[in-house]
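Asks: The structure's right below; bear with me while I get my questions together.
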Amino acid sequence: MHSTTKIEAPFGRLITAMVTPFNKDGEIDWDGVAQLAQHLADNGHDAIAVNGTTGEAPTTKSSEKLEIIKVVKSTVGDRLKILTGAGDNETSYTVEQAKRSASAGVDGLLIVTPYYNKPPQAGIEAHFRAVAAATDLPIMMYDIPGRTGVELEPDTICRLAEVKNIVALKDAKGNPASTSWVIKRTGIPVYSGDDILNLPLLSIGAVGFVSVCGHTVGSDLREMLDAWFAGNAERALEIHQKLLPVYTGTFRTQGAILTKAALTLMGLPGGFTRLPLVDATDAQIVQLREDLRAGGVPLK
């Protein structure tokens, strides 16, 4: 058994998976990318994860992903760590993207379980080992079976946790019982990948969050983390309950869609989505405004 009181947080505690703002014509709004990175830096973040699910990585080109890394890095410098999603359902492509990302200057890689092709656990393990062997960068595994169609099973996580540069797990499995055992068995730093479970996962030994709602309530999430790790569980619970409308409201439809709408409501460059995502409807925006207000988010 590992002591969970001293698990380090290798990328800091508060990370947000940043959206990629597009113009109406579908091109990336580069000034918007920089402005959002600055917004996150100003609101309590330790790191930014670009090119993930919320960044609409399935619809951005490799060249765009590398440019996003460079723009965010030039904006936040060394103040925040930058992680990038580099995972794909083809191992050789993932390896190449990991190398390209390293050249672009990232601090770590977020590698999702291969999706759609439903590999067995042996294939998943081989995939992660191949990526880890191809780069010196620290890797955060990303377990999100609702999107990938296949989970990272606890035994697989435990074996991969022994790989030198596999240093963390983003947990969006929605199964705190399973995650409890993983933390006890391995001591791997776990980041909550599901905002509404942020506090529950802290209670079983998680070290921080890879958030979507950090776009809108980053300073609240920072305060929750600081309260929890200072031993003030009561304050952390107050913040959790205050933020419930935001957590629920952001995911009434796909998270990137409503996060972009929320940023626009805040006067920030949320921008448009790329198909197959579609922008929030007027009715969805009305509901979102209510949800954000209920959670104390200042709107323009």
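Chain lettering (A, B, ...) mirrors the order of the structure tokens, residue numbering begins at 1 for each chain separately, and ligand numbering begins at 1 in order of display.
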Tell me which protein, DNA and RNA residues are within 12 Å of Val246 (chain A), counting only C-alpha atoms, leaving out same-chain ones fewer than 4 positions away, and put them as an MDAnalysis selection string.
Replies: chainID A and resid 195:196 212:218 220:221 239:242 250:252 255 258:259 262 287:298
Asks: Can you build me a table of region 128-220 of chain A residues sitting at most 7 Å from region 115-119 of chain A, with the closest atom pair per residue and its distance in Å to one decimal, using only C-alpha atoms, sorted by chain and residue number, as a tab-separated table?
Replies:
residue	atom	partner	partner_atom	distance
A:Thr148	CA	A:Tyr115	CA	4.0
A:Gly149	CA	A:Tyr115	CA	6.2
A:Val150	CA	A:Lys118	CA	5.8
Asks: Which of these, A:Ala236, A:Leu152, A:Val182, A:Leu109, has the shortest distance to Ala134 (chain A) once you count only C-alpha atoms?
Replies: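 Answer, going by the shortest atom-to-atom distance: A:Leu109.
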Asks: Would you list the contacts of Ala17 (chain A) as a PyMOL selection string, taking every protein, DNA or RNA residue within 12 Å and counting only C-alpha atoms, but skipping same-chain residues closer than 5 positions in sequence?
Replies: chain A and resi 36-37+40+45-57+82-85+110+170+192-195+209-216+218+255-256+259
Asks: Considering only C-alpha atoms, tabulate each residue of region 63-148 of chain A that lies at most 12 Å from region 153-158 of chain A along with its nearest interatomic pair and the corresponding distance in Å to one decimal; arrange the rows by chain and ascending residue number and present them as a Markdown table.
Replies:
| residue | atom | partner | partner_atom | distance |
| --- | --- | --- | --- | --- |
| A:Thr113 | CA | A:Glu153 | CA | 10.8 |
| A:Pro120 | CA | A:Glu153 | CA | 10.1 |
| A:Gln121 | CA | A:Thr156 | CA | 6.7 |
| A:Ala122 | CA | A:Thr156 | CA | 8.2 |
| A:Gly123 | CA | A:Thr156 | CA | 10.3 |
| A:Ile124 | CA | A:Thr156 | CA | 8.3 |
| A:Glu125 | CA | A:Thr156 | CA | 6.5 |
| A:Ala126 | CA | A:Thr156 | CA | 10.2 |
| A:His127 | CA | A:Thr156 | CA | 11.6 |
| A:Phe128 | CA | A:Ile157 | CA | 10.2 |
| A:Arg129 | CA | A:Thr156 | CA | 11.2 |
| A:Met140 | CA | A:Ile157 | CA | 11.2 |
| A:Met141 | CA | A:Ile157 | CA | 8.6 |
| A:Tyr142 | CA | A:Ile157 | CA | 10.3 |
| A:Asp143 | CA | A:Glu153 | CA | 9.0 |
| A:Ile144 | CA | A:Glu153 | CA | 11.2 |
| A:Pro145 | CA | A:Glu153 | CA | 10.1 |
Asks: Excluding Trp30 (chain A) and its own-chain neighbours fewer than 3 positions away, which residues fall within 9 Å of it when counting only C-alpha atoms? Please give them as a list of chain:residue names.
Replies: A:Thr20, A:Pro21, A:Phe22, A:Glu27, A:Val33, A:Ala34, A:Gln35, A:Ile68, A:Val71
Asks: Could you pull out the alpha helix (DSSP H) residues of region 61-246 of chain A from DSSP and send them as a ChimeraX atom specification?
Replies: /A:62-76,91-104,121-134,145-148,154-160,176-186,198-203,214-229,233-246
Asks: To one decimal place, how far is CA of Thr16 (chain A) from CA of Asp279 (chain A) in Å?
Replies: 20.8 Å
Asks: With only C-alpha atoms as the atoms that count, which of A:Arg79, A:Lys184, A:Lys300, A:Arg222 lies nearest to Met266 (chain A)?
Replies: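 Of A:Arg79, A:Lys184, A:Lys300, A:Arg222, the one nearest Met266 (chain A), counting only C-alpha atoms, is A:Lys300.
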Asks: Excluding Gly12 (chain A) and residues on its chain fewer than 2 positions from it, collect all residues at most 10 Å away from it, counting only C-alpha atoms, and give them as an MDAnalysis selection string.
Replies: chainID A and resid 8:10 14:15 45:47 80:81 191 207:209
Asks: Apply DSSP to the structure's backbone, then extract all residues of region 19-241 of chain A labelled strand (DSSP E) and return them as a PyMOL selection string.
Replies: chain A and resi 47-50+81-85+108-112+139-143+166-171+190-192+208-211
Asks: Please compute the CA of Asn43 (chain A)-CA of Tyr247 (chain A) distance, one decimal, in Å.
Replies: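 Computed distance, CA of Asn43 (chain A) to CA of Tyr247 (chain A), equals 17.5 Å.
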Asks: If we count only C-alpha atoms and set the cut-off at 9 Å, which residues sit around Arg100 (chain A), ignoring sequence neighbours fewer than 4 positions away in its own chain? Please answer as a tab-separated table (two decimals) with N, CA and C atoms, in the first residue's frame.
Replies:
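Below is the file selection-v1.tsv, written as the result:
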chain	number	residue	atom	x	y	z
A	62	SER	N	-2.78	18.15	-37.45
A	62	SER	CA	-1.54	18.05	-36.68
A	62	SER	C	-0.81	19.39	-36.66
A	66	LEU	N	0.20	21.80	-33.32
A	66	LEU	CA	1.55	22.25	-32.95
A	66	LEU	C	1.59	23.77	-32.82
A	95	VAL	N	2.82	8.03	-31.63
A	95	VAL	CA	4.26	8.16	-31.37
A	95	VAL	C	4.83	9.37	-32.11
A	96	GLU	N	4.48	9.52	-33.38
A	96	GLU	CA	5.00	10.65	-34.16
A	96	GLU	C	4.49	11.98	-33.60
A	104	ALA	N	7.76	20.99	-30.19
A	104	ALA	CA	7.04	22.27	-30.08
A	104	ALA	C	7.15	22.86	-28.68
A	105	GLY	N	7.68	22.10	-27.73
A	105	GLY	CA	8.00	22.67	-26.42
A	105	GLY	C	7.03	22.38	-25.29
Asks: Quick one, how far is CA of Ser219 (chain A) from CA of Gly44 (chain A)?
Replies: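 Taking CA of Ser219 (chain A) as the start and CA of Gly44 (chain A) as the end point, the length is 5.4 Å.
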Asks: Nearest to Ala233 (chain A): which of A:Gly187, A:Glu162, A:Leu263, A:Pro200 is it, counting only C-alpha atoms?
Replies: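 Answer, going by the shortest atom-to-atom distance: A:Pro200.
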